[in-house]
file protein_13.cif (mmCIF, C-alpha atoms)
data_upload
#
loop_
_atom_site.label_atom_id
_atom_site.label_comp_id
_atom_site.auth_asym_id
_atom_site.auth_seq_id
_atom_site.Cartn_x
_atom_site.Cartn_y
_atom_site.Cartn_z
CA MET A 1 123.97 84.99 95.43
CA THR A 2 126.18 87.88 94.37
CA LYS A 3 127.18 89.28 90.99
CA SER A 4 130.17 91.46 90.18
CA LYS A 5 129.15 94.84 88.76
CA SER A 6 130.61 98.31 88.46
CA CYS A 7 129.57 100.45 91.44
CA PRO A 8 129.30 104.17 90.60
CA THR A 9 129.82 105.15 94.24
CA CYS A 10 132.85 102.94 94.90
CA GLY A 11 134.32 103.55 91.44
CA THR A 12 135.36 99.89 91.09
CA MET A 13 133.91 96.47 90.43
CA GLN A 14 132.04 95.22 93.52
CA ASP A 15 129.82 92.32 94.47
CA PHE A 16 126.12 93.15 94.39
CA ARG A 17 123.37 91.13 96.04
CA ARG A 18 119.59 91.16 95.84
CA LEU A 19 117.79 93.52 98.21
CA ASP A 20 116.35 92.15 101.44
CA ASP A 21 112.75 92.96 102.41
CA ALA A 22 113.56 96.13 104.40
CA GLU A 23 115.75 97.44 101.56
CA LYS A 24 113.01 96.72 99.03
CA GLU A 25 110.57 98.80 101.07
CA ALA A 26 113.07 101.69 101.23
CA VAL A 27 113.55 101.56 97.43
CA ARG A 28 109.78 101.48 96.88
CA LYS A 29 109.47 104.69 98.90
CA ASP A 30 112.46 106.32 97.21
CA LYS A 31 111.45 105.43 93.64
CA GLY A 32 107.68 105.54 94.07
CA ILE A 33 107.30 102.17 92.36
CA ARG A 34 105.98 98.79 93.49
CA TYR A 35 108.15 96.29 91.61
CA VAL A 36 111.73 96.36 92.91
CA ASP A 37 112.82 92.73 92.51
CA ASP A 38 115.35 93.67 89.82
CA TYR A 39 117.31 96.05 92.07
CA TRP A 40 120.57 94.91 93.68
CA ARG A 41 122.80 96.59 96.27
CA CYS A 42 126.56 96.95 96.57
CA THR A 43 128.10 94.82 99.32
CA ALA A 44 131.20 96.99 99.86
CA PRO A 45 131.54 98.14 103.50
CA GLY A 46 129.92 101.54 103.96
CA CYS A 47 128.31 101.64 100.50
CA ARG A 48 124.54 102.23 100.27
CA THR A 49 124.25 102.13 96.46
CA TYR A 50 121.48 100.17 94.82
CA GLN A 51 120.85 99.87 91.11
CA ARG A 52 118.79 97.92 88.67
CA TYR A 53 120.63 94.83 87.59
CA ASP A 54 120.30 95.52 83.87
CA LYS A 55 120.42 99.34 83.89
CA LYS A 56 123.26 100.99 85.81
CA SER A 57 121.81 104.47 85.29
CA ASP A 58 118.69 103.54 87.34
CA ARG A 59 120.22 103.76 90.80
CA GLY A 60 120.06 105.47 94.17
CA LEU A 61 121.29 105.40 97.74
CA LEU A 62 119.60 103.55 100.55
CA PRO A 63 118.89 105.56 103.72
CA GLU A 64 121.76 105.94 106.21
CA GLU A 65 120.42 103.21 108.51
CA PHE A 66 121.24 100.65 105.80
CA ARG A 67 124.97 101.47 105.84
CA GLU A 68 126.94 98.31 106.61
CA GLU A 69 130.27 99.12 108.20
CA ALA A 70 133.32 96.91 107.91
CA ALA A 71 133.89 94.48 110.75
CA ALA A 72 136.39 95.73 113.31
CA PRO A 73 139.74 93.88 113.20
CA GLU A 74 140.21 91.46 116.08
#
call {"tool": "encode", "arguments": {"input": "protein_13.cif", "output": "C-alpha cells"}}
result
Amino acid sequence: MTKSKSCPTCGTMQDFRRLDDAEKEAVRKDKGIRYVDDYWRCTAPGCRTYQRYDKKSDRGLLPEEFREEAAAPE
C-alpha cells in the first residue's frame, strides 16, 4: 500500500510506503526509539527519505545501503 505525500528531499509529491523490517531496524537505531510502525519511506528512485506519516517534520534519511536505484532501461 502506498500513499502520496510531499517528500522534502525530492521536493515534489511522491508515493510513500511502510518500512520493511530492515528499514525499521535502521530507523530504530537512527532515532533511538522502539516504535517505528508509523514511519513511511519515499519510493522515488534514489531517495532514502523516511518520515512519520502524520508529522512531516519528524523525518530522516535511511543509510546508503537502502538507496533504491531506478531500473536500467532495456
call {"tool": "closest_residue", "arguments": {"input": "protein_13.cif", "among": "A:Lys55, A:Arg67, A:Thr2, A:Leu61", "to": "Ala26 (chain A)", "atoms": "only C-alpha atoms"}}
result
A:Leu61
call {"tool": "atom_distance", "arguments": {"input": "protein_13.cif", "atom1": "CA of Ala44 (chain A)", "atom2": "CA of Asp15 (chain A)"}}
result
7.3 Å
call {"tool": "residues_around", "arguments": {"input": "protein_13.cif", "residues": "Gly11 (chain A)", "least_positions_apart": "6", "cutoff": "12 Å", "atoms": "all atoms listed in the file", "output": "VMD selection string"}}
result
chain A and resid 5 42 44 47 49
call {"tool": "resolve_selection", "arguments": {"input": "protein_13.cif", "expression": "the PyMOL selection byres ((chain A and resi 66) around 12)", "output": "count of residues only"}}
result
26
call {"tool": "closest_residue", "arguments": {"input": "protein_13.cif", "among": "A:Arg17, A:Gly60, A:Thr12, A:Lys3", "to": "Asp30 (chain A)", "atoms": "all atoms listed in the file"}}
result
A:Gly60
call {"tool": "resolve_selection", "arguments": {"input": "protein_13.cif", "expression": "the PyMOL selection byres ((chain A and resi 52) around 9)", "output": "mmCIF file with C-alpha atoms, in the coordinates of the input"}}
result
data_model
loop_
_atom_site.group_PDB
_atom_site.id
_atom_site.type_symbol
_atom_site.label_atom_id
_atom_site.label_comp_id
_atom_site.auth_asym_id
_atom_site.auth_seq_id
_atom_site.Cartn_x
_atom_site.Cartn_y
_atom_site.Cartn_z
ATOM 1 C CA VAL A 36 111.730 96.360 92.910
ATOM 2 C CA ASP A 37 112.820 92.730 92.510
ATOM 3 C CA ASP A 38 115.350 93.670 89.820
ATOM 4 C CA TYR A 39 117.310 96.050 92.070
ATOM 5 C CA TRP A 40 120.570 94.910 93.680
ATOM 6 C CA ARG A 41 122.800 96.590 96.270
ATOM 7 C CA TYR A 50 121.480 100.170 94.820
ATOM 8 C CA GLN A 51 120.850 99.870 91.110
ATOM 9 C CA TYR A 53 120.630 94.830 87.590
ATOM 10 C CA ASP A 54 120.300 95.520 83.870
ATOM 11 C CA LYS A 55 120.420 99.340 83.890
ATOM 12 C CA LYS A 56 123.260 100.990 85.810
ATOM 13 C CA SER A 57 121.810 104.470 85.290
ATOM 14 C CA ASP A 58 118.690 103.540 87.340
ATOM 15 C CA ARG A 59 120.220 103.760 90.800
#
